[in-house]
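Enquirer: Contents of query-v7.txt (compact mmCIF, N, CA and C atoms) are below:
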```
# COMPACT_ATOMS: atom_id res chain seq x y z
N MET U 1 25.62 33.97 13.39
CA MET U 1 24.77 33.19 12.51
C MET U 1 23.47 33.96 12.30
N THR U 2 23.02 34.02 11.07
CA THR U 2 21.78 34.73 10.78
C THR U 2 20.60 33.91 11.29
N PRO U 3 19.43 34.54 11.44
CA PRO U 3 18.27 33.79 11.89
C PRO U 3 17.97 32.58 11.02
N ASP U 4 18.12 32.73 9.70
CA ASP U 4 17.90 31.58 8.82
C ASP U 4 18.91 30.46 9.10
N GLY U 5 20.15 30.85 9.39
CA GLY U 5 21.18 29.86 9.71
C GLY U 5 20.87 29.08 10.97
N VAL U 6 20.33 29.76 11.96
CA VAL U 6 19.94 29.08 13.20
C VAL U 6 18.83 28.07 12.91
N ALA U 7 17.85 28.50 12.13
CA ALA U 7 16.73 27.61 11.81
C ALA U 7 17.21 26.38 11.04
N VAL U 8 18.08 26.60 10.07
CA VAL U 8 18.60 25.48 9.28
C VAL U 8 19.40 24.53 10.17
N ALA U 9 20.23 25.08 11.05
CA ALA U 9 21.03 24.24 11.94
C ALA U 9 20.15 23.41 12.86
N VAL U 10 19.12 24.03 13.43
CA VAL U 10 18.23 23.30 14.33
C VAL U 10 17.49 22.21 13.57
N MET U 11 17.02 22.52 12.38
CA MET U 11 16.29 21.52 11.60
C MET U 11 17.19 20.34 11.25
N ILE U 12 18.44 20.61 10.90
CA ILE U 12 19.36 19.51 10.59
C ILE U 12 19.63 18.68 11.84
N ILE U 13 19.81 19.36 12.96
CA ILE U 13 20.05 18.65 14.22
C ILE U 13 18.89 17.69 14.53
N LEU U 14 17.67 18.11 14.24
CA LEU U 14 16.50 17.27 14.51
C LEU U 14 16.24 16.25 13.40
N LEU U 15 16.44 16.65 12.15
CA LEU U 15 16.13 15.76 11.03
C LEU U 15 17.10 14.59 10.91
N PHE U 16 18.34 14.78 11.28
CA PHE U 16 19.32 13.70 11.13
C PHE U 16 18.93 12.45 11.93
N PRO U 17 18.70 12.53 13.24
CA PRO U 17 18.34 11.30 13.96
C PRO U 17 16.98 10.75 13.55
N MET U 18 16.04 11.64 13.22
CA MET U 18 14.72 11.17 12.80
C MET U 18 14.81 10.45 11.45
N GLY U 19 15.62 10.99 10.55
CA GLY U 19 15.80 10.36 9.25
C GLY U 19 16.51 9.02 9.37
N TYR U 20 17.53 8.98 10.21
CA TYR U 20 18.24 7.71 10.43
C TYR U 20 17.29 6.65 10.96
N PHE U 21 16.50 7.01 11.95
CA PHE U 21 15.57 6.05 12.54
C PHE U 21 14.55 5.59 11.49
N THR U 22 14.09 6.52 10.67
CA THR U 22 13.11 6.19 9.62
C THR U 22 13.69 5.17 8.65
N LEU U 23 14.98 5.27 8.36
CA LEU U 23 15.61 4.33 7.44
C LEU U 23 16.02 3.02 8.11
N ALA U 24 16.38 3.06 9.38
CA ALA U 24 16.90 1.87 10.05
C ALA U 24 15.81 0.97 10.62
N SER U 25 14.74 1.54 11.10
CA SER U 25 13.74 0.74 11.81
C SER U 25 12.94 -0.22 10.93
N PRO U 26 12.65 0.07 9.68
CA PRO U 26 11.89 -0.91 8.89
C PRO U 26 12.61 -2.23 8.67
N ALA U 27 13.93 -2.26 8.80
CA ALA U 27 14.66 -3.51 8.63
C ALA U 27 14.20 -4.56 9.64
N PHE U 28 13.73 -4.13 10.79
CA PHE U 28 13.27 -5.06 11.81
C PHE U 28 11.93 -5.69 11.46
N LEU U 29 11.27 -5.19 10.44
CA LEU U 29 10.02 -5.81 9.99
C LEU U 29 10.28 -7.12 9.26
N LEU U 30 11.52 -7.34 8.85
CA LEU U 30 11.89 -8.52 8.07
C LEU U 30 12.32 -9.70 8.93
N VAL U 31 12.42 -9.50 10.23
CA VAL U 31 12.88 -10.57 11.12
C VAL U 31 11.86 -10.81 12.23
N LYS U 32 11.95 -12.00 12.81
CA LYS U 32 11.05 -12.34 13.92
C LYS U 32 11.56 -11.72 15.22
N LEU U 33 10.63 -11.21 16.00
CA LEU U 33 11.01 -10.59 17.27
C LEU U 33 11.02 -11.59 18.42
N ASP U 34 10.79 -12.86 18.13
CA ASP U 34 10.92 -13.86 19.20
C ASP U 34 12.37 -14.34 19.32
N ILE U 35 13.25 -13.85 18.48
CA ILE U 35 14.68 -14.13 18.57
C ILE U 35 15.28 -13.09 19.51
N GLN U 36 15.85 -13.54 20.62
CA GLN U 36 16.30 -12.62 21.66
C GLN U 36 17.28 -11.55 21.18
N PRO U 37 18.35 -11.90 20.46
CA PRO U 37 19.28 -10.83 20.04
C PRO U 37 18.62 -9.78 19.13
N VAL U 38 17.68 -10.20 18.31
CA VAL U 38 16.99 -9.27 17.42
C VAL U 38 16.14 -8.31 18.24
N ALA U 39 15.39 -8.84 19.19
CA ALA U 39 14.54 -7.99 20.03
C ALA U 39 15.38 -7.05 20.89
N GLN U 40 16.51 -7.53 21.39
CA GLN U 40 17.39 -6.67 22.18
C GLN U 40 18.00 -5.56 21.32
N LEU U 41 18.34 -5.88 20.09
CA LEU U 41 18.86 -4.86 19.18
C LEU U 41 17.79 -3.81 18.87
N LEU U 42 16.55 -4.26 18.67
CA LEU U 42 15.45 -3.32 18.45
C LEU U 42 15.26 -2.42 19.66
N ARG U 43 15.32 -3.01 20.84
CA ARG U 43 15.19 -2.22 22.07
C ARG U 43 16.30 -1.19 22.16
N GLY U 44 17.52 -1.60 21.86
CA GLY U 44 18.65 -0.68 21.89
C GLY U 44 18.51 0.45 20.89
N MET U 45 17.98 0.15 19.71
CA MET U 45 17.79 1.19 18.71
C MET U 45 16.76 2.21 19.19
N PHE U 46 15.66 1.75 19.76
CA PHE U 46 14.65 2.68 20.27
C PHE U 46 15.21 3.51 21.43
N ASN U 47 15.93 2.86 22.32
CA ASN U 47 16.52 3.57 23.45
C ASN U 47 17.46 4.67 22.97
N ALA U 48 18.34 4.32 22.04
CA ALA U 48 19.28 5.31 21.51
C ALA U 48 18.54 6.44 20.79
N HIS U 49 17.50 6.10 20.06
CA HIS U 49 16.74 7.13 19.34
C HIS U 49 16.12 8.12 20.31
N PHE U 50 15.51 7.62 21.36
CA PHE U 50 14.91 8.52 22.34
C PHE U 50 15.96 9.40 23.01
N LEU U 51 17.12 8.84 23.34
CA LEU U 51 18.17 9.63 23.97
C LEU U 51 18.72 10.70 23.03
N VAL U 52 18.94 10.35 21.77
CA VAL U 52 19.45 11.32 20.81
C VAL U 52 18.41 12.41 20.54
N MET U 53 17.15 12.04 20.45
CA MET U 53 16.10 13.04 20.22
C MET U 53 15.95 13.96 21.43
N ARG U 54 16.20 13.43 22.61
CA ARG U 54 16.16 14.26 23.81
C ARG U 54 17.24 15.35 23.73
N VAL U 55 18.45 14.94 23.43
CA VAL U 55 19.56 15.90 23.34
C VAL U 55 19.33 16.87 22.18
N ALA U 56 18.94 16.35 21.01
CA ALA U 56 18.70 17.22 19.86
C ALA U 56 17.58 18.21 20.13
N GLY U 57 16.53 17.76 20.79
CA GLY U 57 15.42 18.65 21.12
C GLY U 57 15.81 19.74 22.09
N ILE U 58 16.60 19.39 23.08
CA ILE U 58 17.05 20.40 24.05
C ILE U 58 17.98 21.40 23.39
N VAL U 59 18.92 20.92 22.57
CA VAL U 59 19.84 21.82 21.86
C VAL U 59 19.04 22.74 20.93
N GLY U 60 18.09 22.18 20.20
CA GLY U 60 17.27 22.99 19.31
C GLY U 60 16.43 24.02 20.04
N THR U 61 15.87 23.63 21.16
CA THR U 61 15.06 24.56 21.96
C THR U 61 15.91 25.72 22.46
N VAL U 62 17.07 25.40 22.99
CA VAL U 62 17.97 26.45 23.49
C VAL U 62 18.40 27.37 22.35
N ALA U 63 18.71 26.80 21.19
CA ALA U 63 19.13 27.63 20.05
C ALA U 63 18.01 28.59 19.64
N PHE U 64 16.78 28.10 19.58
CA PHE U 64 15.67 28.98 19.21
C PHE U 64 15.39 30.01 20.30
N LEU U 65 15.53 29.63 21.55
CA LEU U 65 15.34 30.60 22.63
C LEU U 65 16.38 31.71 22.56
N LEU U 66 17.63 31.34 22.34
CA LEU U 66 18.69 32.35 22.23
C LEU U 66 18.50 33.25 21.01
N ASP U 67 17.84 32.71 19.99
CA ASP U 67 17.57 33.49 18.78
C ASP U 67 16.28 34.32 18.91
N GLY U 68 15.55 34.13 20.01
CA GLY U 68 14.33 34.91 20.24
C GLY U 68 13.10 34.38 19.53
N ARG U 69 13.12 33.16 19.10
CA ARG U 69 11.98 32.55 18.41
C ARG U 69 11.21 31.66 19.39
N LEU U 70 10.32 32.27 20.11
CA LEU U 70 9.63 31.57 21.18
C LEU U 70 8.67 30.50 20.68
N VAL U 71 7.97 30.76 19.59
CA VAL U 71 7.02 29.76 19.07
C VAL U 71 7.78 28.53 18.55
N ALA U 72 8.85 28.77 17.81
CA ALA U 72 9.66 27.66 17.31
C ALA U 72 10.30 26.90 18.47
N ALA U 73 10.75 27.64 19.49
CA ALA U 73 11.34 26.99 20.67
C ALA U 73 10.31 26.12 21.37
N ALA U 74 9.06 26.58 21.43
CA ALA U 74 8.01 25.78 22.06
C ALA U 74 7.75 24.51 21.26
N GLY U 75 7.74 24.61 19.93
CA GLY U 75 7.53 23.43 19.10
C GLY U 75 8.63 22.40 19.26
N VAL U 76 9.87 22.86 19.23
CA VAL U 76 11.00 21.94 19.39
C VAL U 76 11.06 21.44 20.83
N GLY U 77 10.69 22.30 21.77
CA GLY U 77 10.62 21.86 23.16
C GLY U 77 9.61 20.74 23.35
N LEU U 78 8.52 20.79 22.59
CA LEU U 78 7.52 19.72 22.64
C LEU U 78 8.12 18.40 22.15
N VAL U 79 8.93 18.48 21.11
CA VAL U 79 9.62 17.28 20.61
C VAL U 79 10.54 16.72 21.70
N ALA U 80 11.27 17.60 22.38
CA ALA U 80 12.16 17.16 23.46
C ALA U 80 11.36 16.54 24.60
N ALA U 81 10.24 17.18 24.95
CA ALA U 81 9.40 16.63 26.03
C ALA U 81 8.85 15.26 25.65
N LEU U 82 8.43 15.10 24.41
CA LEU U 82 7.94 13.79 23.96
C LEU U 82 9.05 12.74 24.04
N ALA U 83 10.27 13.13 23.69
CA ALA U 83 11.39 12.18 23.76
C ALA U 83 11.70 11.81 25.20
N ILE U 84 11.62 12.78 26.10
CA ILE U 84 11.93 12.51 27.51
C ILE U 84 10.85 11.64 28.13
N TRP U 85 9.59 12.04 27.98
CA TRP U 85 8.50 11.27 28.57
C TRP U 85 8.27 9.97 27.81
N GLY U 86 8.33 10.06 26.48
CA GLY U 86 8.05 8.89 25.65
C GLY U 86 9.04 7.76 25.86
N ARG U 87 10.28 8.10 26.13
CA ARG U 87 11.28 7.05 26.36
C ARG U 87 10.89 6.19 27.54
N HIS U 88 10.55 6.80 28.64
CA HIS U 88 10.17 6.02 29.83
C HIS U 88 8.95 5.16 29.54
N TRP U 89 7.94 5.75 28.94
CA TRP U 89 6.70 5.03 28.66
C TRP U 89 6.96 3.88 27.69
N PHE U 90 7.65 4.18 26.59
CA PHE U 90 7.87 3.20 25.54
C PHE U 90 8.78 2.07 26.00
N MET U 91 9.89 2.43 26.66
CA MET U 91 10.86 1.41 27.07
C MET U 91 10.28 0.51 28.15
N GLN U 92 9.42 1.05 29.01
CA GLN U 92 8.77 0.21 30.03
C GLN U 92 7.90 -0.85 29.36
N ARG U 93 7.14 -0.45 28.37
CA ARG U 93 6.28 -1.41 27.66
C ARG U 93 7.10 -2.42 26.88
N MET U 94 8.19 -1.97 26.28
CA MET U 94 9.04 -2.90 25.55
C MET U 94 9.68 -3.90 26.51
N ASP U 95 10.17 -3.43 27.66
CA ASP U 95 10.75 -4.34 28.64
C ASP U 95 9.72 -5.33 29.17
N ASP U 96 8.49 -4.87 29.37
CA ASP U 96 7.42 -5.77 29.81
C ASP U 96 7.20 -6.89 28.80
N GLN U 97 7.19 -6.54 27.53
CA GLN U 97 6.96 -7.54 26.49
C GLN U 97 8.15 -8.48 26.33
N LEU U 98 9.36 -7.95 26.49
CA LEU U 98 10.54 -8.81 26.44
C LEU U 98 10.54 -9.80 27.60
N SER U 99 10.14 -9.34 28.77
CA SER U 99 10.04 -10.23 29.93
C SER U 99 8.96 -11.27 29.72
N ALA U 100 7.83 -10.85 29.16
CA ALA U 100 6.74 -11.79 28.89
C ALA U 100 7.18 -12.83 27.86
N ARG U 101 7.90 -12.40 26.85
CA ARG U 101 8.40 -13.33 25.85
C ARG U 101 9.35 -14.34 26.47
N ASP U 102 10.24 -13.87 27.34
CA ASP U 102 11.19 -14.76 28.01
C ASP U 102 10.48 -15.72 28.95
N ALA U 103 9.32 -15.31 29.47
CA ALA U 103 8.56 -16.18 30.37
C ALA U 103 7.70 -17.18 29.62
N GLY U 104 7.71 -17.11 28.28
CA GLY U 104 6.98 -18.09 27.49
C GLY U 104 5.68 -17.59 26.88
N ASP U 105 5.38 -16.34 27.02
CA ASP U 105 4.16 -15.77 26.42
C ASP U 105 4.33 -15.74 24.90
N THR U 106 3.53 -16.51 24.20
CA THR U 106 3.67 -16.61 22.75
C THR U 106 3.10 -15.39 22.01
N GLU U 107 2.31 -14.58 22.70
CA GLU U 107 1.76 -13.36 22.09
C GLU U 107 2.67 -12.14 22.26
N ALA U 108 3.69 -12.26 23.09
CA ALA U 108 4.58 -11.12 23.35
C ALA U 108 5.28 -10.63 22.09
N PRO U 109 5.78 -11.50 21.21
CA PRO U 109 6.39 -10.97 19.98
C PRO U 109 5.41 -10.15 19.13
N ARG U 110 4.16 -10.52 19.12
CA ARG U 110 3.16 -9.76 18.38
C ARG U 110 2.96 -8.37 19.00
N ARG U 111 2.94 -8.33 20.33
CA ARG U 111 2.82 -7.03 21.00
C ARG U 111 4.08 -6.19 20.80
N LEU U 112 5.24 -6.83 20.77
CA LEU U 112 6.49 -6.13 20.45
C LEU U 112 6.42 -5.53 19.04
N ARG U 113 5.87 -6.28 18.11
CA ARG U 113 5.74 -5.80 16.74
C ARG U 113 4.82 -4.57 16.70
N ARG U 114 3.73 -4.60 17.48
CA ARG U 114 2.83 -3.44 17.52
C ARG U 114 3.54 -2.23 18.11
N LEU U 115 4.36 -2.44 19.13
CA LEU U 115 5.16 -1.34 19.69
C LEU U 115 6.12 -0.79 18.64
N HIS U 116 6.74 -1.70 17.90
CA HIS U 116 7.66 -1.31 16.84
C HIS U 116 6.93 -0.43 15.82
N TRP U 117 5.77 -0.88 15.36
CA TRP U 117 4.99 -0.10 14.41
C TRP U 117 4.59 1.25 14.99
N SER U 118 4.16 1.27 16.24
CA SER U 118 3.73 2.55 16.84
C SER U 118 4.91 3.51 16.96
N GLY U 119 6.09 3.00 17.29
CA GLY U 119 7.27 3.85 17.35
C GLY U 119 7.65 4.41 15.99
N MET U 120 7.56 3.57 14.96
CA MET U 120 7.87 4.04 13.61
C MET U 120 6.85 5.08 13.14
N LEU U 121 5.58 4.83 13.42
CA LEU U 121 4.54 5.78 12.99
C LEU U 121 4.63 7.10 13.76
N GLY U 122 4.95 7.03 15.04
CA GLY U 122 5.13 8.25 15.82
C GLY U 122 6.29 9.08 15.30
N ASN U 123 7.40 8.42 14.98
CA ASN U 123 8.54 9.12 14.42
C ASN U 123 8.18 9.72 13.06
N ALA U 124 7.46 8.97 12.25
CA ALA U 124 7.07 9.47 10.93
C ALA U 124 6.18 10.70 11.05
N ALA U 125 5.25 10.70 12.00
CA ALA U 125 4.37 11.85 12.20
C ALA U 125 5.17 13.08 12.62
N LEU U 126 6.10 12.90 13.54
CA LEU U 126 6.95 14.01 13.95
C LEU U 126 7.84 14.50 12.81
N LEU U 127 8.34 13.58 12.01
CA LEU U 127 9.18 13.95 10.88
C LEU U 127 8.40 14.77 9.86
N VAL U 128 7.18 14.34 9.56
CA VAL U 128 6.33 15.09 8.62
C VAL U 128 6.03 16.48 9.17
N ALA U 129 5.69 16.56 10.46
CA ALA U 129 5.41 17.86 11.07
C ALA U 129 6.63 18.76 11.03
N LEU U 130 7.79 18.20 11.29
CA LEU U 130 9.02 18.99 11.29
C LEU U 130 9.34 19.50 9.89
N VAL U 131 9.24 18.63 8.90
CA VAL U 131 9.52 19.05 7.53
C VAL U 131 8.49 20.09 7.07
N ALA U 132 7.24 19.93 7.45
CA ALA U 132 6.19 20.89 7.07
C ALA U 132 6.42 22.25 7.73
N SER U 133 7.07 22.27 8.87
CA SER U 133 7.28 23.53 9.58
C SER U 133 8.51 24.30 9.09
N ILE U 134 9.35 23.69 8.28
CA ILE U 134 10.58 24.34 7.83
C ILE U 134 10.32 25.69 7.15
N PRO U 135 9.36 25.80 6.23
CA PRO U 135 9.15 27.12 5.61
C PRO U 135 8.74 28.21 6.60
N TYR U 136 8.05 27.83 7.64
CA TYR U 136 7.60 28.81 8.63
C TYR U 136 8.71 29.21 9.59
N VAL U 137 9.58 28.26 9.90
CA VAL U 137 10.65 28.51 10.85
C VAL U 137 11.81 29.23 10.18
N ALA U 138 12.03 28.95 8.89
CA ALA U 138 13.19 29.50 8.19
C ALA U 138 13.00 30.96 7.79
N VAL U 139 11.81 31.51 7.97
CA VAL U 139 11.58 32.92 7.64
C VAL U 139 12.38 33.79 8.61
N SER U 140 13.07 34.76 8.09
CA SER U 140 13.89 35.64 8.94
C SER U 140 13.05 36.36 9.96
N ALA U 141 13.60 36.51 11.16
CA ALA U 141 12.89 37.20 12.23
C ALA U 141 12.93 38.69 12.03
```
Could you show the structure in this file as structure tokens?

Expert:
Amino acid sequence: MTPDGVAVAVMIILLFPMGYFTLASPAFLLVKLDIQPVAQLLRGMFNAHFLVMRVAGIVGTVAFLLDGRLVAAAGVGLVAALAIWGRHWFMQRMDDQLSARDAGDTEAPRRLRRLHWSGMLGNAALLVALVASIPYVAVSA
């Protein structure tokens, strides 16, 4: 595979789950998060997104390392690190709010909504950064 081919493959590997999440997550803005199955589905979507981004980030980092692109590997490695660390941080807060909601806290759905927004905005920021980096990464080594 040529250096450009490696870059394109890594970008597709990363863009696919980020794009899917960008399209799927706004649907949850149309429903109330005080409904247990809806909140559990939202939690599952975030959990799956973090796991997929972890794998995609690691695969992308290894591909760039094998191709000798250390700066690109560091950038994609940062995405993988954010997915690994962010999952624990984010899911802990989501579980706390789900427990609070189940215990009768009427403000917990609002805090869940803020978590939802922060997750969507974080993904959007990473997606914009990734798309903006494509011209720099796709240049032949």

Enquirer: Give me the residues within 7 Å of U:Gln97 as a VMD selection string, counting all atoms listed in the file and dropping any in the same chain fewer than 6 places off.

Expert: chain U and resid 108 to 109 111 to 112

Enquirer: Take the residues just selected and output them with N, CA and C atoms as a PDB file, in the coordinates of the input.

Expert:
```pdb
ATOM      1  N   ALA U 108       3.690 -12.260  23.090  1.00  0.00           N
ATOM      2  CA  ALA U 108       4.580 -11.120  23.350  1.00  0.00           C
ATOM      3  C   ALA U 108       5.280 -10.630  22.090  1.00  0.00           C
ATOM      4  N   PRO U 109       5.780 -11.500  21.210  1.00  0.00           N
ATOM      5  CA  PRO U 109       6.390 -10.970  19.980  1.00  0.00           C
ATOM      6  C   PRO U 109       5.410 -10.150  19.130  1.00  0.00           C
ATOM      7  N   ARG U 111       2.940  -8.330  20.330  1.00  0.00           N
ATOM      8  CA  ARG U 111       2.820  -7.030  21.000  1.00  0.00           C
ATOM      9  C   ARG U 111       4.080  -6.190  20.800  1.00  0.00           C
ATOM     10  N   LEU U 112       5.240  -6.830  20.770  1.00  0.00           N
ATOM     11  CA  LEU U 112       6.490  -6.130  20.450  1.00  0.00           C
ATOM     12  C   LEU U 112       6.420  -5.530  19.040  1.00  0.00           C
TER      13      LEU U 112
END
```

Enquirer: Neighbours of U:Met53 within 8 Å (only N, CA and C atoms; same-chain residues fewer than 3 positions away dropped), as a PyMOL selection string?

Expert: chain U and resi 13-14+17-18+47-50+56-59+79-84

Enquirer: So, counting only C-alpha atoms, which residue among U:Leu15, U:Ala103, U:Leu30, U:Val62 is closest to U:Val128?

Expert: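 The closest residue to U:Val128 is U:Leu15.
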
Enquirer: Residues at most 9 Å from stretch 37-45 of chain U, counting only C-alpha atoms, excluding those fewer than 3 positions away in the same chain, as a list in words?

Expert: Phe21, Ala24, Ser25, Phe28, Val31, Lys32, Leu33, Asp34, Ala48, His49, Phe50, Met91, Met94, Asp95, Leu98, Pro109, Leu112 and His116 of chain U

Enquirer: One decimal, Å: what's the distance from atom C of U:Trp85 over to atom C of U:Ser99, could you say?

Expert: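 Separating atom C of U:Trp85 from atom C of U:Ser99 is a distance of 21.3 Å.
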
Enquirer: Check the smallest atom-to-atom distance from each of U:Ile12, U:Gly19, U:Gly60, U:Ala27 to U:Asn123 using all atoms listed in the file, then report the winner.

Expert: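 Nearest candidate to U:Asn123 out of U:Ile12, U:Gly19, U:Gly60, U:Ala27: U:Gly19.
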
Enquirer: Would you mind reading off the distance between atom CA of U:Leu126 and atom CA of U:His88, one decimal, in Å?

Expert: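 Here the two named atoms are 18.1 Å from each other.
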
Enquirer: To one decimal place in Å, what is the distance between atom CA of U:Ala132 and atom N of U:Arg113?

Expert: 29.3 Å

Enquirer: Within chain U, find each residue whose DSSP state, derived from the backbone, is alpha helix (DSSP H), and express the selection as a VMD selection string.

Expert: chain U and resid 3 to 24 36 to 66 70 to 102 108 to 137

Enquirer: Point out the residue among U:Phe16, U:Trp89, U:Phe46, U:Phe64 with the least atom-to-atom distance to U:Gly77, counting only C-alpha atoms.

Expert: U:Phe64

Enquirer: Complete stretch 17-25 of chain U with all heavy atoms (output as an mmCIF file, keeping the file's coordinate frame).

Expert:
```
data_model
loop_
_atom_site.group_PDB
_atom_site.id
_atom_site.type_symbol
_atom_site.label_atom_id
_atom_site.label_comp_id
_atom_site.auth_asym_id
_atom_site.auth_seq_id
_atom_site.Cartn_x
_atom_site.Cartn_y
_atom_site.Cartn_z
ATOM 1 N N PRO U 17 18.700 12.530 13.240
ATOM 2 C CA PRO U 17 18.340 11.300 13.960
ATOM 3 C C PRO U 17 16.980 10.750 13.550
ATOM 4 O O PRO U 17 16.779 9.537 13.512
ATOM 5 C CB PRO U 17 18.367 11.703 15.435
ATOM 6 C CG PRO U 17 18.292 13.176 15.452
ATOM 7 C CD PRO U 17 18.859 13.666 14.162
ATOM 8 N N MET U 18 16.040 11.640 13.220
ATOM 9 C CA MET U 18 14.720 11.170 12.800
ATOM 10 C C MET U 18 14.810 10.450 11.450
ATOM 11 O O MET U 18 14.172 9.416 11.237
ATOM 12 C CB MET U 18 13.736 12.325 12.716
ATOM 13 C CG MET U 18 13.440 12.927 14.081
ATOM 14 S SD MET U 18 12.457 14.410 13.954
ATOM 15 C CE MET U 18 10.840 13.693 13.990
ATOM 16 N N GLY U 19 15.620 10.990 10.550
ATOM 17 C CA GLY U 19 15.800 10.360 9.250
ATOM 18 C C GLY U 19 16.510 9.020 9.370
ATOM 19 O O GLY U 19 16.143 8.044 8.717
ATOM 20 N N TYR U 20 17.530 8.980 10.210
ATOM 21 C CA TYR U 20 18.240 7.710 10.430
ATOM 22 C C TYR U 20 17.290 6.650 10.960
ATOM 23 O O TYR U 20 17.268 5.520 10.474
ATOM 24 C CB TYR U 20 19.413 7.898 11.389
ATOM 25 C CG TYR U 20 20.072 6.581 11.725
ATOM 26 C CD1 TYR U 20 20.945 5.993 10.830
ATOM 27 C CD2 TYR U 20 19.768 5.913 12.902
ATOM 28 C CE1 TYR U 20 21.522 4.774 11.101
ATOM 29 C CE2 TYR U 20 20.338 4.685 13.185
ATOM 30 C CZ TYR U 20 21.214 4.120 12.287
ATOM 31 O OH TYR U 20 21.773 2.898 12.558
ATOM 32 N N PHE U 21 16.500 7.010 11.950
ATOM 33 C CA PHE U 21 15.570 6.050 12.540
ATOM 34 C C PHE U 21 14.550 5.590 11.490
ATOM 35 O O PHE U 21 14.192 4.419 11.439
ATOM 36 C CB PHE U 21 14.856 6.671 13.740
ATOM 37 C CG PHE U 21 13.941 5.726 14.448
ATOM 38 C CD1 PHE U 21 14.441 4.799 15.335
ATOM 39 C CD2 PHE U 21 12.575 5.760 14.226
ATOM 40 C CE1 PHE U 21 13.609 3.917 15.997
ATOM 41 C CE2 PHE U 21 11.729 4.888 14.884
ATOM 42 C CZ PHE U 21 12.242 3.965 15.765
ATOM 43 N N THR U 22 14.090 6.520 10.670
ATOM 44 C CA THR U 22 13.110 6.190 9.620
ATOM 45 C C THR U 22 13.690 5.170 8.650
ATOM 46 O O THR U 22 12.977 4.287 8.179
ATOM 47 C CB THR U 22 12.692 7.466 8.864
ATOM 48 O OG1 THR U 22 12.081 8.359 9.800
ATOM 49 C CG2 THR U 22 11.724 7.165 7.742
ATOM 50 N N LEU U 23 14.980 5.270 8.360
ATOM 51 C CA LEU U 23 15.610 4.330 7.440
ATOM 52 C C LEU U 23 16.020 3.020 8.110
ATOM 53 O O LEU U 23 15.999 1.967 7.472
ATOM 54 C CB LEU U 23 16.831 4.988 6.794
ATOM 55 C CG LEU U 23 16.535 6.191 5.895
ATOM 56 C CD1 LEU U 23 17.840 6.835 5.440
ATOM 57 C CD2 LEU U 23 15.688 5.772 4.713
ATOM 58 N N ALA U 24 16.380 3.060 9.380
ATOM 59 C CA ALA U 24 16.900 1.870 10.050
ATOM 60 C C ALA U 24 15.810 0.970 10.620
ATOM 61 O O ALA U 24 15.953 -0.255 10.625
ATOM 62 C CB ALA U 24 17.854 2.280 11.173
ATOM 63 N N SER U 25 14.740 1.540 11.100
ATOM 64 C CA SER U 25 13.740 0.740 11.810
ATOM 65 C C SER U 25 12.940 -0.220 10.930
ATOM 66 O O SER U 25 12.563 -1.292 11.414
ATOM 67 C CB SER U 25 12.808 1.636 12.625
ATOM 68 O OG SER U 25 12.139 2.539 11.788
#
```
